[in-house]
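Engineer: Dropping in coords_9.txt, which is compact mmCIF, C-alpha atoms:
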# COMPACT_ATOMS: atom_id res chain seq x y z
CA MET A 28 -9.52 11.16 15.94
CA ILE A 29 -12.30 8.69 15.30
CA HIS A 30 -13.69 10.64 12.37
CA SER A 31 -10.47 10.04 10.43
CA ILE A 32 -10.93 6.26 10.38
CA VAL A 33 -12.47 4.60 7.34
CA CYS A 34 -14.26 1.40 8.31
CA ARG A 35 -16.52 -0.82 6.25
CA GLY A 36 -18.78 -3.62 7.39
CA ARG A 37 -21.62 -5.75 6.08
CA THR A 38 -24.78 -7.01 7.73
CA ALA A 39 -26.91 -9.51 5.84
CA GLY A 40 -30.27 -8.07 4.85
CA ARG A 41 -29.75 -4.86 6.78
CA GLY A 42 -27.37 -2.82 4.61
CA THR A 43 -24.05 -1.57 5.89
CA TRP A 44 -23.07 -0.79 9.45
CA SER A 45 -23.94 2.70 10.63
CA TRP A 46 -21.10 5.24 10.70
CA ARG A 47 -21.26 5.34 14.49
CA SER A 48 -20.94 1.57 14.76
CA ALA A 49 -18.11 1.48 12.25
CA ALA A 50 -16.17 4.18 14.06
CA CYS A 51 -16.61 2.49 17.41
CA ALA A 52 -15.47 -0.83 15.98
CA ALA A 53 -12.42 0.79 14.45
CA LEU A 54 -11.56 2.56 17.70
CA LEU A 55 -11.79 -0.72 19.59
CA ALA A 56 -9.53 -2.33 17.00
CA LEU A 57 -6.90 0.36 17.36
CA ASN A 58 -7.09 0.21 21.15
CA GLY A 59 -5.74 -3.31 21.23
CA CYS A 60 -8.49 -5.76 20.35
CA VAL A 61 -6.83 -6.24 16.97
CA ALA A 62 -3.22 -5.10 16.86
CA PRO A 63 -2.44 -2.98 13.78
CA PRO A 64 0.26 -4.35 11.47
CA PRO A 65 3.76 -2.89 11.68
CA PRO A 66 4.59 0.05 9.41
CA THR A 67 5.50 -0.94 5.87
CA PRO A 68 8.22 0.59 3.69
CA PRO A 69 7.03 3.45 1.46
CA ALA A 70 7.93 3.80 -2.19
CA ALA A 71 11.10 5.64 -1.19
CA ASP A 72 12.55 2.28 -0.08
CA ALA A 73 13.13 1.54 -3.75
CA LEU A 74 16.10 3.11 -5.49
CA TYR A 75 15.67 4.38 -9.05
CA THR A 76 18.80 4.94 -11.16
CA PRO A 77 18.61 6.56 -14.61
CA ALA A 78 19.37 4.13 -17.43
CA ALA A 79 19.70 4.22 -21.21
CA TRP A 80 17.51 2.21 -23.55
CA PRO A 81 20.41 -0.05 -24.64
CA ASP A 82 20.83 -0.99 -20.95
CA LEU A 83 17.57 -2.93 -21.07
CA PRO A 84 18.35 -6.59 -21.84
CA GLY A 85 16.63 -7.73 -25.01
CA PHE A 86 15.24 -4.29 -25.82
CA ASP A 87 16.05 -4.64 -29.52
CA ARG A 88 14.36 -8.06 -29.73
CA ASP A 89 11.03 -7.56 -28.00
CA ARG A 90 7.78 -6.90 -29.81
CA ILE A 91 6.98 -3.69 -27.97
CA ALA A 92 3.64 -3.29 -29.76
CA GLU A 93 2.27 -6.45 -28.12
CA ALA A 94 2.13 -4.63 -24.78
CA LEU A 95 0.21 -1.63 -26.13
CA PRO A 96 -3.29 -3.04 -25.43
CA ALA A 97 -2.32 -3.61 -21.78
CA PHE A 98 -1.02 -0.07 -21.35
CA ALA A 99 -4.00 1.45 -23.17
CA VAL A 100 -6.59 -0.34 -21.05
CA GLY A 101 -4.64 0.62 -17.95
CA CYS A 102 -4.94 4.25 -18.99
CA THR A 103 -8.71 4.04 -18.55
CA ALA A 104 -8.05 3.51 -14.83
CA ILE A 105 -5.05 5.83 -14.46
CA LEU A 106 -6.80 8.85 -15.95
CA ARG A 107 -9.84 8.41 -13.69
CA LYS A 108 -7.80 8.97 -10.54
CA ALA A 109 -8.22 12.24 -8.68
CA ASP A 110 -4.53 12.97 -8.14
CA ASP A 111 -2.31 14.67 -10.70
CA ARG A 112 -2.13 12.41 -13.76
CA LEU A 113 -1.00 15.07 -16.23
CA PRO A 114 2.39 13.36 -16.81
CA TRP A 115 0.53 10.25 -18.02
CA ARG A 116 -2.04 11.97 -20.19
CA ALA A 117 0.10 12.54 -23.28
CA ALA A 118 1.44 8.99 -23.26
CA CYS A 119 -2.05 7.55 -22.75
CA GLU A 120 -3.66 9.61 -25.48
CA ALA A 121 -0.90 8.73 -27.93
CA ALA A 122 -1.10 5.00 -27.09
CA MET A 123 -4.82 4.88 -27.76
CA HIS A 124 -4.23 6.06 -31.34
CA LEU A 125 -1.43 3.63 -32.16
CA ASP A 126 -1.86 0.61 -34.39
CA PRO A 127 -0.78 -2.40 -32.26
CA ARG A 128 0.63 -3.96 -35.44
CA ASP A 129 3.03 -1.05 -36.04
CA GLU A 130 6.20 -1.99 -34.18
CA ALA A 131 8.21 1.01 -35.34
CA ALA A 132 5.53 3.44 -34.15
CA ALA A 133 5.26 1.61 -30.82
CA ARG A 134 9.00 1.92 -30.18
CA LYS A 135 8.99 5.58 -31.08
CA TRP A 136 6.03 6.17 -28.74
CA LEU A 137 7.79 4.43 -25.87
CA GLN A 138 11.04 6.35 -26.27
CA ASP A 139 9.29 9.68 -26.87
CA HIS A 140 7.18 9.51 -23.71
CA PHE A 141 9.22 7.53 -21.14
CA SER A 142 12.65 7.34 -19.53
CA PRO A 143 14.02 4.07 -18.07
CA TYR A 144 15.16 3.77 -14.43
CA ARG A 145 16.76 0.71 -12.89
CA VAL A 146 14.90 -0.47 -9.77
CA ALA A 147 16.93 -1.60 -6.76
CA PHE A 148 16.52 -2.36 -3.08
CA PRO A 149 17.68 0.32 -0.61
CA ASP A 150 21.04 -1.45 -0.24
CA GLY A 151 21.62 -1.25 -4.00
CA ARG A 152 20.86 -4.87 -4.92
CA ASP A 153 19.05 -4.96 -8.25
CA ARG A 154 18.21 -8.66 -8.50
CA GLY A 155 15.10 -10.17 -6.96
CA LEU A 156 12.54 -12.94 -7.29
CA VAL A 157 10.21 -13.37 -10.25
CA THR A 158 7.41 -15.92 -9.92
CA GLY A 159 4.43 -16.69 -12.14
CA TYR A 160 0.69 -16.94 -11.77
CA TYR A 161 -2.25 -17.90 -13.94
CA GLU A 162 -6.04 -17.96 -14.09
CA PRO A 163 -7.37 -21.41 -13.16
CA VAL A 164 -10.24 -22.98 -15.10
CA ILE A 165 -12.14 -25.39 -12.84
CA THR A 166 -15.21 -27.50 -13.54
CA GLY A 167 -17.96 -26.71 -11.05
CA SER A 168 -21.55 -25.84 -10.29
CA ARG A 169 -23.56 -22.91 -8.95
CA THR A 170 -25.27 -25.26 -6.51
CA ARG A 171 -23.92 -27.93 -4.18
CA THR A 172 -24.13 -31.46 -5.58
CA PRO A 173 -22.56 -34.78 -4.53
CA ALA A 174 -19.89 -34.26 -7.20
CA PHE A 175 -19.30 -30.56 -6.44
CA ALA A 176 -19.32 -29.97 -2.70
CA VAL A 177 -16.34 -27.65 -2.06
CA PRO A 178 -17.64 -24.06 -1.74
CA ILE A 179 -16.15 -20.88 -3.18
CA TYR A 180 -17.33 -18.06 -0.91
CA ALA A 181 -18.21 -14.42 -1.45
CA VAL A 182 -17.26 -11.86 1.22
CA PRO A 183 -18.93 -12.78 4.53
CA ASP A 184 -21.49 -10.38 5.93
CA ASP A 185 -19.67 -10.05 9.26
CA LEU A 186 -16.21 -9.17 7.89
CA LEU A 187 -15.03 -5.71 8.98
CA THR A 188 -12.26 -3.87 7.13
CA VAL A 189 -10.53 -0.93 8.83
CA ASP A 190 -8.37 1.33 6.66
CA LEU A 191 -5.50 2.53 8.87
CA GLY A 192 -4.01 4.99 6.39
CA ALA A 193 -6.63 7.63 7.16
CA LEU A 194 -5.36 7.80 10.74
CA TYR A 195 -1.68 6.98 10.29
CA PRO A 196 -0.23 8.11 6.91
CA GLU A 197 2.74 5.80 7.39
CA LEU A 198 0.25 2.89 7.28
CA ALA A 199 -1.14 3.87 3.87
CA ASP A 200 -2.62 0.90 2.00
CA ARG A 201 -2.69 -1.15 5.20
CA ARG A 202 -5.94 -2.55 6.54
CA VAL A 203 -7.04 -4.51 9.58
CA ARG A 204 -9.74 -7.12 9.11
CA GLY A 205 -11.83 -8.51 11.91
CA ARG A 206 -15.34 -9.16 13.22
CA LEU A 207 -17.47 -8.02 16.11
CA ASP A 208 -17.77 -10.29 19.15
CA ASP A 209 -20.33 -8.55 21.33
CA ARG A 210 -18.76 -5.05 21.48
CA ARG A 211 -15.19 -6.16 20.82
CA VAL A 212 -13.38 -6.33 17.49
CA VAL A 213 -11.52 -9.63 17.25
CA PRO A 214 -9.56 -11.29 14.42
CA TYR A 215 -11.70 -12.83 11.72
CA TRP A 216 -12.03 -16.59 11.55
CA SER A 217 -8.97 -18.50 10.29
CA ARG A 218 -9.06 -20.98 7.42
CA ALA A 219 -9.34 -23.90 9.84
CA GLU A 220 -12.26 -22.21 11.62
CA ILE A 221 -14.02 -21.39 8.36
CA GLU A 222 -13.60 -24.96 7.10
CA ALA A 223 -14.88 -26.28 10.46
CA GLY A 224 -18.11 -24.30 10.02
CA ARG A 225 -17.55 -21.71 12.76
CA ALA A 226 -17.89 -18.69 10.43
CA PRO A 227 -21.33 -17.64 9.13
CA VAL A 228 -20.43 -18.12 5.48
CA SER A 229 -22.60 -21.04 4.40
CA GLY A 230 -25.10 -18.80 2.61
CA ASN A 231 -22.38 -16.91 0.75
CA ALA A 232 -21.23 -19.61 -1.68
CA ILE A 233 -20.89 -18.37 -5.26
CA ALA A 234 -20.04 -21.78 -6.70
CA PHE A 235 -18.93 -25.29 -5.79
CA VAL A 236 -16.03 -27.36 -7.13
CA ALA A 237 -14.98 -30.98 -6.65
CA ASP A 238 -11.43 -30.75 -5.31
CA PRO A 239 -10.29 -28.78 -2.24
CA ILE A 240 -6.84 -28.42 -3.83
CA ASP A 241 -8.45 -26.70 -6.84
CA ALA A 242 -10.27 -24.33 -4.49
CA PHE A 243 -7.04 -23.66 -2.60
CA PHE A 244 -5.06 -22.79 -5.72
CA LEU A 245 -7.92 -20.59 -6.89
CA GLN A 246 -7.42 -18.59 -3.69
CA ILE A 247 -3.67 -18.39 -4.25
CA GLN A 248 -4.11 -17.12 -7.82
CA GLY A 249 -6.83 -14.68 -6.77
CA SER A 250 -9.06 -15.17 -9.82
CA GLY A 251 -10.38 -17.95 -12.01
CA ARG A 252 -13.09 -19.38 -14.20
CA ILE A 253 -15.68 -21.98 -13.20
CA ALA A 254 -16.81 -24.09 -16.17
CA LEU A 255 -20.48 -24.96 -15.66
CA ALA A 256 -22.32 -27.99 -17.02
CA ASP A 257 -24.33 -25.89 -19.50
CA GLY A 258 -21.12 -24.63 -21.14
CA ALA A 259 -21.19 -21.23 -19.47
CA LEU A 260 -18.14 -19.76 -17.72
CA LEU A 261 -18.49 -18.12 -14.33
CA ARG A 262 -15.67 -15.65 -13.90
CA LEU A 263 -14.49 -14.92 -10.35
CA GLY A 264 -12.20 -12.18 -9.06
CA TYR A 265 -10.60 -11.40 -5.71
CA ALA A 266 -12.95 -9.56 -3.35
CA ASP A 267 -11.33 -9.66 0.10
CA GLN A 268 -9.33 -11.75 2.55
CA ASN A 269 -9.79 -12.79 6.18
CA GLY A 270 -6.81 -10.79 7.46
CA HIS A 271 -4.60 -13.71 8.48
CA PRO A 272 -1.04 -13.89 7.09
CA TYR A 273 -0.35 -16.09 4.11
CA THR A 274 1.77 -19.19 4.77
CA PRO A 275 3.03 -21.08 1.68
CA VAL A 276 2.12 -24.75 2.02
CA ALA A 277 5.24 -25.60 0.00
CA ARG A 278 7.30 -24.15 2.84
CA VAL A 279 5.37 -26.32 5.32
CA LEU A 280 6.09 -29.45 3.27
CA ILE A 281 9.77 -28.51 2.96
CA GLU A 282 10.08 -27.94 6.72
CA ARG A 283 8.47 -31.32 7.34
CA GLY A 284 10.92 -33.02 5.00
CA GLU A 285 8.17 -34.04 2.57
CA MET A 286 9.92 -32.38 -0.38
CA THR A 287 13.05 -30.37 -1.09
CA ARG A 288 13.17 -26.70 -2.01
CA GLU A 289 14.28 -27.67 -5.51
CA GLU A 290 11.26 -29.97 -5.92
CA ALA A 291 8.71 -27.47 -4.62
CA SER A 292 6.14 -26.39 -7.22
CA MET A 293 2.40 -26.35 -7.71
CA GLN A 294 2.69 -29.64 -9.55
CA ALA A 295 4.62 -31.21 -6.65
CA ILE A 296 2.01 -30.04 -4.14
CA ARG A 297 -0.77 -31.58 -6.24
CA ALA A 298 1.15 -34.85 -6.45
CA TRP A 299 1.65 -34.86 -2.67
CA ALA A 300 -2.06 -34.23 -2.12
CA LYS A 301 -3.02 -37.08 -4.44
CA ALA A 302 -0.72 -39.42 -2.53
CA ASN A 303 -1.91 -38.20 0.90
CA PRO A 304 -5.66 -37.45 0.63
CA ASP A 305 -6.28 -37.90 4.36
CA ARG A 306 -3.67 -35.23 5.21
CA VAL A 307 -4.76 -32.55 2.73
CA ALA A 308 -7.12 -30.68 5.07
CA ALA A 309 -4.50 -30.36 7.81
CA LEU A 310 -1.92 -29.11 5.31
CA LEU A 311 -4.23 -26.45 3.89
CA ASP A 312 -5.20 -25.33 7.40
CA ALA A 313 -1.53 -24.54 8.06
CA ASN A 314 -2.20 -21.46 5.90
CA ALA A 315 -4.64 -19.42 8.02
CA SER A 316 -5.29 -16.98 5.16
CA TYR A 317 -8.59 -17.34 3.29
CA VAL A 318 -9.64 -15.47 0.13
CA PHE A 319 -13.20 -14.47 -0.81
CA PHE A 320 -14.41 -13.84 -4.34
CA ARG A 321 -16.91 -11.88 -6.39
CA GLU A 322 -18.54 -12.72 -9.68
CA LEU A 323 -17.16 -10.49 -12.44
CA PRO A 324 -19.52 -8.92 -14.98
CA GLN A 325 -18.85 -9.15 -18.69
CA PRO A 326 -17.15 -6.02 -20.10
CA ALA A 327 -19.18 -3.75 -22.35
CA PRO A 328 -18.94 -4.81 -26.01
CA GLY A 329 -16.49 -2.63 -27.92
CA SER A 330 -14.77 -1.31 -24.79
CA PRO A 331 -10.97 -1.57 -24.36
CA GLN A 332 -11.61 -4.12 -21.60
CA ALA A 333 -13.55 -6.36 -23.98
CA GLY A 334 -10.49 -6.82 -26.15
CA ILE A 335 -8.42 -8.52 -23.41
CA ASP A 336 -9.33 -12.03 -22.25
CA GLY A 337 -7.95 -11.92 -18.74
CA PRO A 338 -8.98 -11.56 -15.10
CA ILE A 339 -9.37 -8.19 -13.41
CA GLY A 340 -6.22 -7.09 -11.60
CA ALA A 341 -5.72 -4.67 -8.74
CA LEU A 342 -5.74 -1.71 -11.14
CA GLY A 343 -9.32 -2.63 -12.03
CA VAL A 344 -8.65 -3.65 -15.64
CA PRO A 345 -8.25 -7.05 -17.34
CA LEU A 346 -4.76 -8.53 -17.42
CA LEU A 347 -3.14 -9.25 -20.77
CA PRO A 348 -1.39 -12.65 -20.62
CA ARG A 349 2.40 -12.49 -20.76
CA ARG A 350 2.38 -8.68 -20.79
CA THR A 351 1.29 -7.85 -17.24
CA ILE A 352 2.83 -8.39 -13.82
CA ALA A 353 1.92 -8.08 -10.16
CA VAL A 354 4.22 -5.84 -8.11
CA ASP A 355 4.58 -4.21 -4.73
CA ARG A 356 2.74 -0.94 -5.36
CA ARG A 357 4.80 0.80 -2.69
CA ALA A 358 7.77 0.54 -5.06
CA ILE A 359 6.12 0.47 -8.50
CA PRO A 360 2.83 2.37 -8.94
CA LEU A 361 0.11 0.43 -10.72
CA GLY A 362 -0.18 1.29 -14.39
CA THR A 363 3.57 1.78 -14.82
CA PRO A 364 5.29 0.21 -17.86
CA VAL A 365 8.14 -2.00 -16.63
CA TRP A 366 11.01 -3.67 -18.40
CA LEU A 367 11.38 -7.23 -17.12
CA ALA A 368 14.61 -9.23 -17.49
CA THR A 369 14.44 -12.78 -16.19
CA THR A 370 14.42 -16.36 -17.54
CA ALA A 371 11.64 -18.71 -18.56
CA PRO A 372 10.51 -21.18 -15.88
CA ALA A 373 13.12 -23.79 -14.94
CA SER A 374 15.39 -22.82 -17.83
CA LEU A 375 18.14 -20.44 -18.91
CA ARG A 376 16.13 -19.01 -21.83
CA PRO A 377 15.84 -15.22 -21.51
CA LEU A 378 12.42 -13.75 -20.79
CA GLU A 379 13.04 -10.07 -21.52
CA ARG A 380 10.15 -7.82 -22.45
CA LEU A 381 7.94 -4.83 -21.88
CA VAL A 382 5.19 -5.50 -19.32
CA VAL A 383 2.75 -3.33 -17.38
CA ALA A 384 2.33 -3.35 -13.59
CA GLN A 385 -1.40 -3.89 -13.11
CA ASP A 386 -1.78 -6.26 -10.17
CA THR A 387 -0.63 -6.94 -6.62
CA GLY A 388 -0.41 -10.00 -4.38
CA GLY A 389 -0.02 -10.89 -0.73
CA ALA A 390 3.36 -12.52 -1.35
CA ILE A 391 4.64 -9.79 -3.70
CA ARG A 392 6.72 -7.63 -1.39
CA GLY A 393 9.85 -5.60 -2.08
CA ALA A 394 11.24 -3.28 -4.73
CA VAL A 395 12.61 -5.96 -7.09
CA ARG A 396 9.78 -8.49 -6.95
CA ALA A 397 7.34 -9.46 -9.69
CA ASP A 398 4.70 -12.07 -10.45
CA PHE A 399 4.38 -12.73 -14.19
CA PHE A 400 0.85 -13.41 -15.49
CA TRP A 401 0.87 -16.36 -17.89
CA GLY A 402 -2.84 -16.47 -18.80
CA HIS A 403 -5.28 -19.38 -18.40
CA GLY A 404 -5.30 -23.06 -19.30
CA GLU A 405 -3.01 -26.01 -18.71
CA GLU A 406 0.09 -24.54 -20.37
CA ALA A 407 -0.21 -21.34 -18.31
CA ALA A 408 -0.69 -23.37 -15.13
CA ASP A 409 2.36 -25.50 -15.89
CA ARG A 410 4.62 -22.51 -16.52
CA ALA A 411 3.34 -20.49 -13.58
CA GLY A 412 3.71 -23.43 -11.21
CA LYS A 413 7.37 -23.91 -12.11
CA MET A 414 8.46 -20.27 -12.21
CA ARG A 415 10.82 -19.09 -9.49
CA GLU A 416 13.55 -17.14 -11.23
CA GLU A 417 16.00 -14.35 -10.55
CA GLY A 418 15.17 -11.13 -12.34
CA ARG A 419 15.70 -7.39 -12.72
CA LEU A 420 13.24 -4.55 -13.27
CA TRP A 421 13.31 -1.09 -14.83
CA ILE A 422 10.40 1.31 -14.50
CA LEU A 423 9.63 3.35 -17.61
CA TRP A 424 8.53 6.66 -16.13
CA PRO A 425 6.91 9.64 -17.92
CA LYS A 426 9.53 12.14 -19.01
CA ASN A 427 9.95 15.21 -16.79
CA ALA A 428 7.68 13.71 -14.09
CA PRO A 429 8.81 13.35 -10.45
CA LEU A 430 9.82 9.79 -9.59
CA PRO A 431 7.65 7.73 -7.19
CA SER A 432 8.07 8.82 -3.59
CA LYS A 433 6.35 8.57 -0.24
Just give me the structure of the file as structure tokens.
Structural biologist:
Amino acid sequence: MIHSIVCRGRTAGRGTWSWRSAACAALLALNGCVAPPPPTPPAADALYTPAAWPDLPGFDRDRIAEALPAFAVGCTAILRKADDRLPWRAACEAAMHLDPRDEAAARKWLQDHFSPYRVAFPDGRDRGLVTGYYEPVITGSRTRTPAFAVPIYAVPDDLLTVDLGALYPELADRRVRGRLDDRRVVPYWSRAEIEAGRAPVSGNAIAFVADPIDAFFLQIQGSGRIALADGALLRLGYADQNGHPYTPVARVLIERGEMTREEASMQAIRAWAKANPDRVAALLDANASYVFFRELPQPAPGSPQAGIDGPIGALGVPLLPRRTIAVDRRAIPLGTPVWLATTAPASLRPLERLVVAQDTGGAIRGAVRADFFWGHGEEAADRAGKMREEGRLWILWPKNAPLPSK
């Protein structure tokens, strides 16, 4: 059923592809030119077990009110959705009238409107991986110069995105990316091919930076700020990806014997790159995935978004540092308050607090899996780069509402 396929494409200077062309491209993709990805587990592959508030580690110690701005701004996105959001409405409306300095009122709000549920994998395991991420701040330029010659690209005009969920419900949230080669849909260019100049992206540069490692980590984080010479900040957010799977370069270095698993971190990768400048390009090309960006507008003055100094996450709202996480949305719907119990990076100090699920990531897969947003700047980068901890999660779900399902 070709009419059930949602397909988007871009053609420079000529608007979008026609519906007929898009449908034909999608049909070709599904007929074998680009193999669709395997089915992915639905939300039902997470187990949710009722819990009591005292079960949440550190519940009595956290400053619950600090997370209120994150939840409130997330409500602006949740309540716009077309599906049934009535269970969220009361909690959202109450949160927007709370004083974020009133801890007692915040705790009462949380316990009045939500019930905690322990999150586990289908086999019952309730411990998973918690990593960290941050928003890089990189010195750069809007135009190429001898000092700033590494491009940061917007979405290429020839990138096609085919949404498979419209045709196969079991493939909801899965997309195939490719390009047209004559009348065939083929995989989009890999990182190595893009860097070699084979992709028509040269006119799509948003900005230029000095260091290819900086550009690479910007892609891994998915957002960042470019500090321009005139003092202005250019804010970039994730726009799309070339469709190739993500390969961690740390894993490549470990497999080559260049570092141990215990040594692997963002800081260690930077040190390796500094010591091996002639091998950097080949290492980065081992990860065929390539991320494209868009320039983010400034939020309207006085809006809830204007009060949070963070990048835009997958929910479409700015991320509050240290109070938001990226999750696998198949297990934890975006906008959900979550209780996180883990440890601070490379330490045994508890990191136990209320956070809000507002982002996703290519490497964030599985029911008990989270990426903790540390913010921007050197301290955030240091903590995010070192974070690889064991953790547990509890969703805080609206009372009397059905739990997440397929």
Engineer: Closest to Gly337 (chain A) among A:Gly402, A:Pro77, A:Pro163, A:Gly101, using all atoms listed in the file?
Structural biologist: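 Of A:Gly402, A:Pro77, A:Pro163, A:Gly101, the one nearest Gly337 (chain A) is A:Gly402, counting all atoms listed in the file.
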Engineer: Please list as number ranges by chain every residue within 9 Å of Asn427 (chain A), counting all atoms listed in the file and excluding residues in the same chain fewer than 6 positions away.
Structural biologist: A: 114, 141-142
Engineer: Nearest to Asp238 (chain A): which of A:Thr370, A:Gln325, A:Thr166, A:Thr76 is it, counting only C-alpha atoms?
Structural biologist: A:Thr166
Engineer: Here is a test: counting all atoms listed in the file, which residue of A:Val279, A:Leu207, A:Val382, A:Leu74 is nearest to Leu186 (chain A)?
Structural biologist: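 Nearest candidate to Leu186 (chain A) out of A:Val279, A:Leu207, A:Val382, A:Leu74: A:Leu207.
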Engineer: Work out how far apart CA of Asp409 (chain A) and CA of Ser168 (chain A) are and give it in Å to one decimal.
Structural biologist: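 Interatomic distance here is 24.6 Å.
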Engineer: Mind listing whatever residues come within 9 Å of the point (10.8, -18.6, -10.6)? Use only C-alpha atoms, file coordinates, and give them as a list of chain:residue names.
Structural biologist: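 Protein, DNA and RNA residues close to (10.8, -18.6, -10.6): A:Leu156, A:Val157, A:Thr158, A:Gly159, A:Thr369, A:Thr370, A:Ala371, A:Pro372, A:Ala373, A:Asp398, A:Ala411, A:Gly412, A:Lys413, A:Met414, A:Arg415, A:Glu416, A:Glu417, A:Gly418.
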Engineer: May I have the residues from that selection written out with C-alpha atoms, as a PDB file, in the frame of the given file?
Structural biologist:
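Just written: part.pdb:
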ATOM      1  CA  LEU A 156      12.540 -12.940  -7.290  1.00  0.00           C
ATOM      2  CA  VAL A 157      10.210 -13.370 -10.250  1.00  0.00           C
ATOM      3  CA  THR A 158       7.410 -15.920  -9.920  1.00  0.00           C
ATOM      4  CA  GLY A 159       4.430 -16.690 -12.140  1.00  0.00           C
ATOM      5  CA  THR A 369      14.440 -12.780 -16.190  1.00  0.00           C
ATOM      6  CA  THR A 370      14.420 -16.360 -17.540  1.00  0.00           C
ATOM      7  CA  ALA A 371      11.640 -18.710 -18.560  1.00  0.00           C
ATOM      8  CA  PRO A 372      10.510 -21.180 -15.880  1.00  0.00           C
ATOM      9  CA  ALA A 373      13.120 -23.790 -14.940  1.00  0.00           C
ATOM     10  CA  ASP A 398       4.700 -12.070 -10.450  1.00  0.00           C
ATOM     11  CA  ALA A 411       3.340 -20.490 -13.580  1.00  0.00           C
ATOM     12  CA  GLY A 412       3.710 -23.430 -11.210  1.00  0.00           C
ATOM     13  CA  LYS A 413       7.370 -23.910 -12.110  1.00  0.00           C
ATOM     14  CA  MET A 414       8.460 -20.270 -12.210  1.00  0.00           C
ATOM     15  CA  ARG A 415      10.820 -19.090  -9.490  1.00  0.00           C
ATOM     16  CA  GLU A 416      13.550 -17.140 -11.230  1.00  0.00           C
ATOM     17  CA  GLU A 417      16.000 -14.350 -10.550  1.00  0.00           C
ATOM     18  CA  GLY A 418      15.170 -11.130 -12.340  1.00  0.00           C
TER      19      GLY A 418
END
Engineer: Quick check, in Å to one decimal: how far apart do CA of Ser250 (chain A) and CA of Ala181 (chain A) lie?
Structural biologist: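 Those two atoms sit 12.4 Å apart.
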Engineer: Which of these residues is nearest to Asn269 (chain A), using all atoms listed in the file: A:Gly404, A:Pro304, A:Gly205, A:Gly343?
Structural biologist: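 Counting all atoms listed in the file, the residue closest to Asn269 (chain A) is A:Gly205.
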Engineer: Every residue with an atom at most 12 Å from (7.6, -6.2, -8.2) (file coordinates; all atoms listed in the file) is what I'm after, so could you write them as a PyMOL selection string?
Structural biologist: chain A and resi 70+73+146-148+153-159+351-361+363-367+382-399+417-422
Engineer: How many Å lie between CA of Ala118 (chain A) and CA of Ala99 (chain A), rounded to one decimal?
Structural biologist: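 If I compute the distance from CA of Ala118 (chain A) to CA of Ala99 (chain A), I get 9.3 Å.
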Engineer: Using only C-alpha atoms, which residue out of A:Pro348, A:Pro149, A:Pro96, A:Pro377 lies closest to Glu406 (chain A)?
Structural biologist: A:Pro348
Engineer: Once 5 Å is added on each side, what are the centre and the three edge lengths, in Å to one decimal, of the axis-aligned box enclosing the listed atoms of region 142-153 of chain A? Present them as AutoDock Vina command-line options.
Structural biologist:
--center_x 17.1 --center_y 1.2 --center_z -9.9 --size_x 19.0 --size_y 22.3 --size_z 29.3
Engineer: So, with all atoms listed in the file as the atoms that count, which of A:Gly340, A:Pro183, A:Pro84, A:Pro173 lies closest to Ser229 (chain A)?
Structural biologist: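 The closest residue to Ser229 (chain A) is A:Pro183.
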Engineer: Residues at most 6 Å from region 259-262 of chain A, counting all atoms listed in the file, excluding those fewer than 3 positions away in the same chain, as a VMD selection string?
Structural biologist: chain A and resid 252 to 255 322 to 323
Engineer: Neighbours of Ala78 (chain A) within 7 Å (all atoms listed in the file; same-chain residues fewer than 5 positions away dropped), as a count of residues only?
Structural biologist: 3
Engineer: May I have the residues within 12 Å of Ala131 (chain A) as an MDAnalysis selection string, using all atoms listed in the file and disregarding those fewer than 2 positions away in the same chain?
Structural biologist: chainID A and resid 87 89:93 125:129 133:138
Engineer: Could you pull the residues within 12 Å of Tyr180 (chain A), counting all atoms listed in the file, minus those fewer than 2 positions along the same chain, as an MDAnalysis selection string?
Structural biologist: chainID A and resid 169 177:178 182:184 221:222 226:236 242:243 245:246 263:269 317:322
